[in-house]
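Visitor: Structure file input-v6.txt, compact mmCIF, C-alpha atoms, is pasted below:
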```txt
# COMPACT_ATOMS: atom_id res chain seq x y z
CA MET W 1 159.44 0.86 59.03
CA ASP W 2 160.25 -1.92 56.56
CA ARG W 3 163.61 -2.60 54.93
CA TYR W 4 162.76 -0.36 51.98
CA GLY W 5 161.91 2.73 54.02
CA ALA W 6 158.11 2.59 54.17
CA ILE W 7 156.14 2.83 57.41
CA VAL W 8 154.00 -0.32 57.61
CA ARG W 9 152.65 -0.26 61.15
CA GLY W 10 151.81 2.09 63.98
CA ASP W 11 152.32 1.73 67.72
CA CYS W 12 152.02 -1.96 68.64
CA SER W 13 151.13 -1.10 72.22
CA ARG W 14 147.80 0.54 71.33
CA LYS W 15 144.65 -1.17 70.10
CA GLU W 16 144.31 1.14 67.13
CA ILE W 17 143.79 0.30 63.46
CA ALA W 18 143.92 2.48 60.37
CA LEU W 19 141.61 1.47 57.55
CA ILE W 20 143.07 2.68 54.26
CA PHE W 21 141.26 2.46 50.94
CA SER W 22 143.11 2.78 47.64
CA ALA W 23 141.42 3.70 44.38
CA ASP W 24 142.42 4.03 40.75
CA GLU W 25 140.11 2.74 38.05
CA PHE W 26 137.17 1.45 40.10
CA SER W 27 135.03 2.96 42.85
CA GLU W 28 131.86 0.87 42.98
CA GLY W 29 132.29 0.19 46.70
CA ALA W 30 132.70 3.82 47.71
CA THR W 31 129.09 4.60 48.61
CA THR W 32 128.76 1.45 50.71
CA ILE W 33 132.08 2.08 52.45
CA LEU W 34 131.45 5.76 53.16
CA ARG W 35 127.96 5.05 54.49
CA GLN W 36 129.24 2.37 56.85
CA LEU W 37 132.06 4.58 58.12
CA GLN W 38 129.59 7.41 58.74
CA GLN W 39 127.17 5.14 60.58
CA GLN W 40 129.94 3.92 62.87
CA ASN W 41 131.48 7.41 63.20
CA ILE W 42 134.82 6.03 62.00
CA LYS W 43 137.52 8.09 60.32
CA ALA W 44 139.47 6.29 57.60
CA SER W 45 142.01 7.18 54.92
CA PHE W 46 141.69 7.21 51.13
CA PHE W 47 144.62 7.11 48.74
CA LEU W 48 143.62 8.19 45.24
CA THR W 49 145.33 8.29 41.88
CA GLY W 50 145.22 11.19 39.46
CA ARG W 51 143.08 9.07 37.17
CA PHE W 52 140.54 8.67 39.97
CA LEU W 53 140.63 12.39 40.71
CA ASP W 54 140.14 13.24 37.03
CA ASN W 55 136.96 11.17 36.69
CA PRO W 56 133.95 13.49 37.18
CA ILE W 57 131.89 10.55 38.44
CA ASN W 58 134.13 10.42 41.49
CA GLU W 59 133.86 14.09 42.46
CA PRO W 60 130.84 13.63 44.78
CA LEU W 61 132.68 10.77 46.49
CA ILE W 62 135.76 12.89 47.08
CA LEU W 63 133.65 15.75 48.44
CA LYS W 64 131.94 13.28 50.79
CA MET W 65 135.34 12.06 52.03
CA LEU W 66 136.28 15.66 52.76
CA GLU W 67 132.95 16.42 54.42
CA ASP W 68 133.33 13.42 56.71
CA GLN W 69 136.90 14.47 57.57
CA HIS W 70 138.65 11.39 56.26
CA TYR W 71 142.32 11.56 55.29
CA ILE W 72 142.89 11.86 51.54
CA GLY W 73 146.33 11.15 50.14
CA ALA W 74 148.16 10.36 46.92
CA HIS W 75 148.44 6.98 45.22
CA SER W 76 150.39 8.30 42.18
CA ASP W 77 148.93 9.95 39.09
CA GLN W 78 148.87 7.17 36.50
CA HIS W 79 149.28 4.12 38.79
CA LEU W 80 152.69 3.24 37.40
CA LEU W 81 154.54 0.05 38.26
CA TYR W 82 157.83 1.25 39.71
CA CYS W 83 159.76 -2.00 40.08
CA ASP W 84 159.98 -5.37 38.41
CA TRP W 85 157.77 -7.96 40.16
CA THR W 86 160.48 -10.60 40.26
CA ASN W 87 163.50 -8.32 40.74
CA ARG W 88 162.52 -5.56 43.11
CA ASP W 89 165.84 -3.75 42.72
CA SER W 90 165.17 -3.29 39.01
CA LEU W 91 163.41 0.03 38.42
CA LEU W 92 160.94 0.31 35.54
CA ILE W 93 160.83 4.12 35.64
CA ASP W 94 163.43 6.88 35.89
CA ARG W 95 163.61 9.69 38.41
CA ARG W 96 162.12 12.27 36.06
CA THR W 97 159.07 10.10 35.37
CA PHE W 98 158.56 9.54 39.08
CA ASP W 99 158.86 13.23 39.90
CA GLN W 100 156.49 14.30 37.14
CA ASP W 101 153.90 11.68 38.04
CA LEU W 102 153.98 12.58 41.73
CA SER W 103 153.77 16.30 41.02
CA LYS W 104 150.73 15.75 38.80
CA VAL W 105 148.71 13.88 41.40
CA TYR W 106 149.39 16.56 44.02
CA TYR W 107 148.39 19.23 41.51
CA LYS W 108 145.07 17.41 41.09
CA LEU W 109 144.63 16.98 44.85
CA LYS W 110 145.08 20.73 45.23
CA ARG W 111 141.90 21.26 43.24
CA PHE W 112 140.13 19.80 46.28
CA GLY W 113 142.08 21.94 48.72
CA ILE W 114 144.59 19.22 49.58
CA ASP W 115 148.29 20.07 49.45
CA LYS W 116 151.37 18.22 50.66
CA THR W 117 151.09 19.65 54.15
CA LYS W 118 147.67 17.99 54.49
CA ALA W 119 148.70 14.78 52.72
CA PRO W 120 152.35 14.01 53.51
CA LEU W 121 151.88 10.23 53.41
CA PHE W 122 152.25 8.52 50.04
CA LEU W 123 150.94 5.04 49.19
CA PRO W 124 152.82 3.76 46.12
CA PRO W 125 150.89 2.17 43.25
CA TYR W 126 150.52 -1.60 43.54
CA GLU W 127 152.08 -1.14 47.01
CA TRP W 128 155.35 -2.13 45.31
CA TYR W 129 158.55 -0.11 45.68
CA ASN W 130 162.21 -0.26 46.68
CA LYS W 131 164.74 1.88 48.55
CA GLU W 132 165.21 4.26 45.64
CA ILE W 133 161.49 4.96 45.46
CA SER W 134 161.49 5.61 49.19
CA GLU W 135 164.40 8.06 48.81
CA TRP W 136 162.76 9.83 45.87
CA THR W 137 159.58 10.14 47.94
CA SER W 138 161.52 11.66 50.84
CA ASN W 139 163.05 14.22 48.48
CA HIS W 140 159.53 15.53 47.91
CA GLY W 141 159.06 15.98 51.66
CA LEU W 142 156.77 12.95 51.79
CA GLN W 143 156.78 9.67 53.69
CA LEU W 144 156.19 6.34 51.96
CA ILE W 145 153.68 4.05 53.68
CA ASN W 146 152.31 0.59 53.04
CA PHE W 147 149.84 -1.86 54.54
CA THR W 148 150.81 -4.10 57.44
CA PRO W 149 151.56 -7.59 56.09
CA GLY W 150 149.85 -10.64 57.56
CA THR W 151 146.24 -10.63 56.37
CA LEU W 152 144.66 -11.10 52.95
CA THR W 153 142.58 -7.92 52.64
CA THR W 154 144.71 -6.71 49.73
CA ALA W 155 143.58 -9.78 47.75
CA ASP W 156 140.00 -8.48 47.63
CA TYR W 157 140.44 -7.76 43.90
CA THR W 158 141.23 -11.36 42.90
CA THR W 159 138.88 -13.43 40.76
CA PRO W 160 138.29 -17.20 40.45
CA ASP W 161 140.02 -17.34 37.06
CA MET W 162 143.29 -16.45 38.84
CA GLY W 163 143.47 -19.96 40.24
CA LYS W 164 145.42 -20.26 43.48
CA ARG W 165 145.77 -16.48 43.76
CA TYR W 166 142.03 -16.10 44.26
CA ARG W 167 140.80 -15.38 47.78
CA SER W 168 137.11 -15.36 48.63
CA SER W 169 135.71 -12.75 50.99
CA GLU W 170 135.22 -15.43 53.63
CA VAL W 171 138.87 -16.48 53.41
CA ILE W 172 139.94 -12.84 53.59
CA TYR W 173 137.72 -12.18 56.60
CA GLU W 174 139.00 -15.25 58.43
CA SER W 175 142.60 -14.19 57.75
CA VAL W 176 142.02 -11.02 59.76
CA LEU W 177 140.53 -12.89 62.72
CA SER W 178 143.31 -15.49 62.57
CA PHE W 179 146.04 -12.84 62.59
CA MET W 180 144.39 -11.10 65.52
CA LYS W 181 144.59 -14.32 67.52
CA GLN W 182 148.05 -15.48 66.46
CA ASP W 183 150.28 -12.41 66.17
CA ILE W 184 152.09 -11.40 69.34
CA HIS W 185 150.84 -7.82 68.88
CA GLU W 186 147.44 -8.91 67.59
CA LEU W 187 146.20 -6.11 65.29
CA LYS W 188 147.62 -3.24 67.33
CA GLY W 189 148.89 -0.42 65.12
CA PHE W 190 147.68 -2.28 62.04
CA ILE W 191 147.35 -0.55 58.67
CA MET W 192 144.64 -2.47 56.82
CA LEU W 193 144.25 -1.89 53.08
CA ILE W 194 141.00 -2.53 51.23
CA HIS W 195 140.26 -1.46 47.65
CA LEU W 196 137.55 1.14 47.10
CA GLY W 197 136.44 -0.77 44.03
CA VAL W 198 137.54 -3.96 42.29
CA GLY W 199 135.59 -3.89 39.03
CA PRO W 200 132.77 -6.01 37.58
CA HIS W 201 134.66 -9.29 37.24
CA ARG W 202 134.69 -9.99 40.97
CA LYS W 203 131.17 -10.60 42.24
CA ASP W 204 132.15 -11.46 45.83
CA LYS W 205 132.87 -7.95 47.11
CA PHE W 206 134.83 -7.90 50.36
CA TYR W 207 133.74 -4.36 51.23
CA ASN W 208 130.27 -5.81 51.86
CA ARG W 209 131.81 -7.59 54.85
CA LEU W 210 133.01 -4.29 56.29
CA PRO W 211 130.11 -3.85 58.77
CA SER W 212 130.76 -7.26 60.29
CA LEU W 213 134.51 -6.74 60.34
CA ILE W 214 134.24 -3.34 62.01
CA ASN W 215 131.80 -4.59 64.65
CA THR W 216 134.00 -7.59 65.44
CA LEU W 217 137.06 -5.40 65.89
CA LEU W 218 135.17 -2.83 67.97
CA ASN W 219 133.90 -5.64 70.20
CA ASN W 220 137.52 -6.72 70.66
CA GLY W 221 138.43 -3.30 71.98
CA TYR W 222 139.97 -1.74 68.86
CA ARG W 223 139.64 1.90 67.83
CA PHE W 224 139.84 3.14 64.26
CA GLU W 225 142.03 6.12 63.42
CA ARG W 226 143.00 8.08 60.36
CA ILE W 227 146.44 7.03 59.13
CA ASP W 228 147.99 10.36 60.13
CA GLU W 229 146.60 9.99 63.65
CA LEU W 230 147.74 6.38 63.92
CA LEU W 231 151.29 7.33 63.00
CA LYS W 232 151.60 10.36 65.29
```
Would you mind giving the structure from this file in structure tokens?

Guide:
Amino acid sequence: MDRYGAIVRGDCSRKEIALIFSADEFSEGATTILRQLQQQNIKASFFLTGRFLDNPINEPLILKMLEDQHYIGAHSDQHLLYCDWTNRDSLLIDRRTFDQDLSKVYYKLKRFGIDKTKAPLFLPPYEWYNKEISEWTSNHGLQLINFTPGTLTTADYTTPDMGKRYRSSEVIYESVLSFMKQDIHELKGFIMLIHLGVGPHRKDKFYNRLPSLINTLLNNGYRFERIDELLK
């Protein structure tokens, strides 16, 4: 658990990894990702916003996630930014707004047969939060989670016009292999976040490297688990 109350890693003694995919506005990688997971018989986890759930284009994707027995959880309703980027202790929303937004996304998940008992893990929008957000989450009977820091997979949305913030798929891929070699626990218990879609402006889609990444990790003795299984 990190200093703000979110679980960011599983058991560091087991060679298990949880692939988690977040989605809000874009989903162009979903078919590729779901096909690869099915071919490798891998269970993953998908954290979806209410906006994603509302889009009728995404319904077949959600049904496929359910059919393949992936974990589906909440990523907020409207993908709100909870805290100031430069002053994390400064909230940008009040408690009522948080409660209403969270309740809405779970109402929409219930349309697909998913209630809080099936989806007790909550991935905050932008993966940005503080202790108050963690406490508010707990008051809903939920547990805040986040990705394990150390690799660059969360930068798969960046574009060349972002300057130094841009990370190519090759750089992202190499960051995973480098971390596996350098960290004392390697990638054991790792929660790896990749975006389900990143929009048309990024042409170099990291999810296209998923087959190679999965095979490399399997060859290194890792198993892939749903996030709820990883954190048991």

Visitor: Could I get the residues of region 128-202 of chain W with an atom no further than 8 Å from an atom of region 221-232 of chain W, each paired with its nearest atom pair and that distance in Å to one decimal, using all atoms listed in the file, sorted by chain and residue number, as a tab-separated table?

Guide:
```
residue	atom	partner	partner_atom	distance
W:Lys188	CA	W:Tyr222	CA	7.9
W:Gly189	CA	W:Leu230	CA	7.0
W:Ile191	CA	W:Ile227	CA	7.6
```

Visitor: Smallest atom-to-atom distance to Cys12 (chain W): which of W:Phe179, W:Tyr166, W:Phe26, W:Phe190, using all atoms listed in the file?

Guide: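 Result for the nearest residue to Cys12 (chain W): W:Phe190.
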
Visitor: Of the residues W:Asn146, W:Thr31, W:Leu109, W:Leu187, which is the one nearest to Leu218 (chain W), using only C-alpha atoms?

Guide: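 Residue with the minimum atom-to-atom distance to Leu218 (chain W): W:Leu187.
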
Visitor: Kindly give the distance, in Å, that separates CA of Pro120 (chain W) and CA of Trp136 (chain W), rounded to a single decimal.

Guide: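 Spanning CA of Pro120 (chain W) to CA of Trp136 (chain W) is a straight-line distance of 13.6 Å.
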
Visitor: Tell me which protein, DNA and RNA residues are within 7 Å of His75 (chain W), counting all atoms listed in the file, leaving out same-chain ones fewer than 2 positions away, and put them as a list in words.

Guide: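 Here the answer would be Phe47, Leu48, Thr49, Gly73, Asp77, Phe122, Leu123, Pro124 and Pro125 of chain W.
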
Visitor: How far is it from CA of Thr97 (chain W) to CA of Pro149 (chain W), in Å with one decimal?

Guide: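 Going from CA of Thr97 (chain W) over to CA of Pro149 (chain W) covers 28.3 Å.
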
Visitor: Between W:Ala155, W:Leu217, W:Val198, W:Leu63, which is the closest to Ser27 (chain W) once you count only C-alpha atoms?

Guide: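 Using only C-alpha atoms, the shortest distance to Ser27 (chain W) belongs to W:Val198.
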
Visitor: Please compute the CA of Thr32 (chain W)-CA of Leu102 (chain W) distance, one decimal, in Å.

Guide: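 We find that CA of Thr32 (chain W) and CA of Leu102 (chain W) lie 29.0 Å from each other.
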
Visitor: With distances taken over all atoms listed in the file, which residue among W:Ile133, W:Leu213, W:Leu61, W:Ile194 lies nearest Tyr173 (chain W)?

Guide: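 For Tyr173 (chain W), the nearest of the candidates is W:Leu213.
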
Visitor: Pick the closest to Leu91 (chain W) from W:Asp115, W:Glu59, W:Glu132, W:Glu28: which is it, counting only C-alpha atoms?

Guide: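 Answer, going by the shortest atom-to-atom distance: W:Glu132.
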
Visitor: I want to know what sits within 7 Å of Arg88 (chain W), based on only C-alpha atoms, with residues of the same chain fewer than 4 positions away left out; could you give that as a list in words?

Guide: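 Near neighbours after the sequence-gap exclusion: Cys83, Asp84 and Asn130 of chain W.
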
Visitor: Identify which of the residues W:Gln78, W:Ser134, W:Asn87, W:Asn139 lies closest to Gly5 (chain W), counting all atoms listed in the file when measuring atom-to-atom distances.

Guide: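 For Gly5 (chain W), the nearest of the given residues is W:Ser134.
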
Visitor: Residues near Tyr207 (chain W), anyone? I mean within 9 Å using all atoms listed in the file, not counting same-chain ones fewer than 6 positions away, as a list in words.

Guide: Gly29, Ala30, Thr32, Ile33, Asp156, Ser169, Ile194, His195, Leu196 and Gly197 of chain W

Visitor: With only C-alpha atoms as the counted atoms, please give the residues lying no more than 10 Å from Leu66 (chain W), apart from itself and same-chain residues fewer than 4 positions off, as a ChimeraX atom specification.

Guide: /W:60-62,70-72,112-114
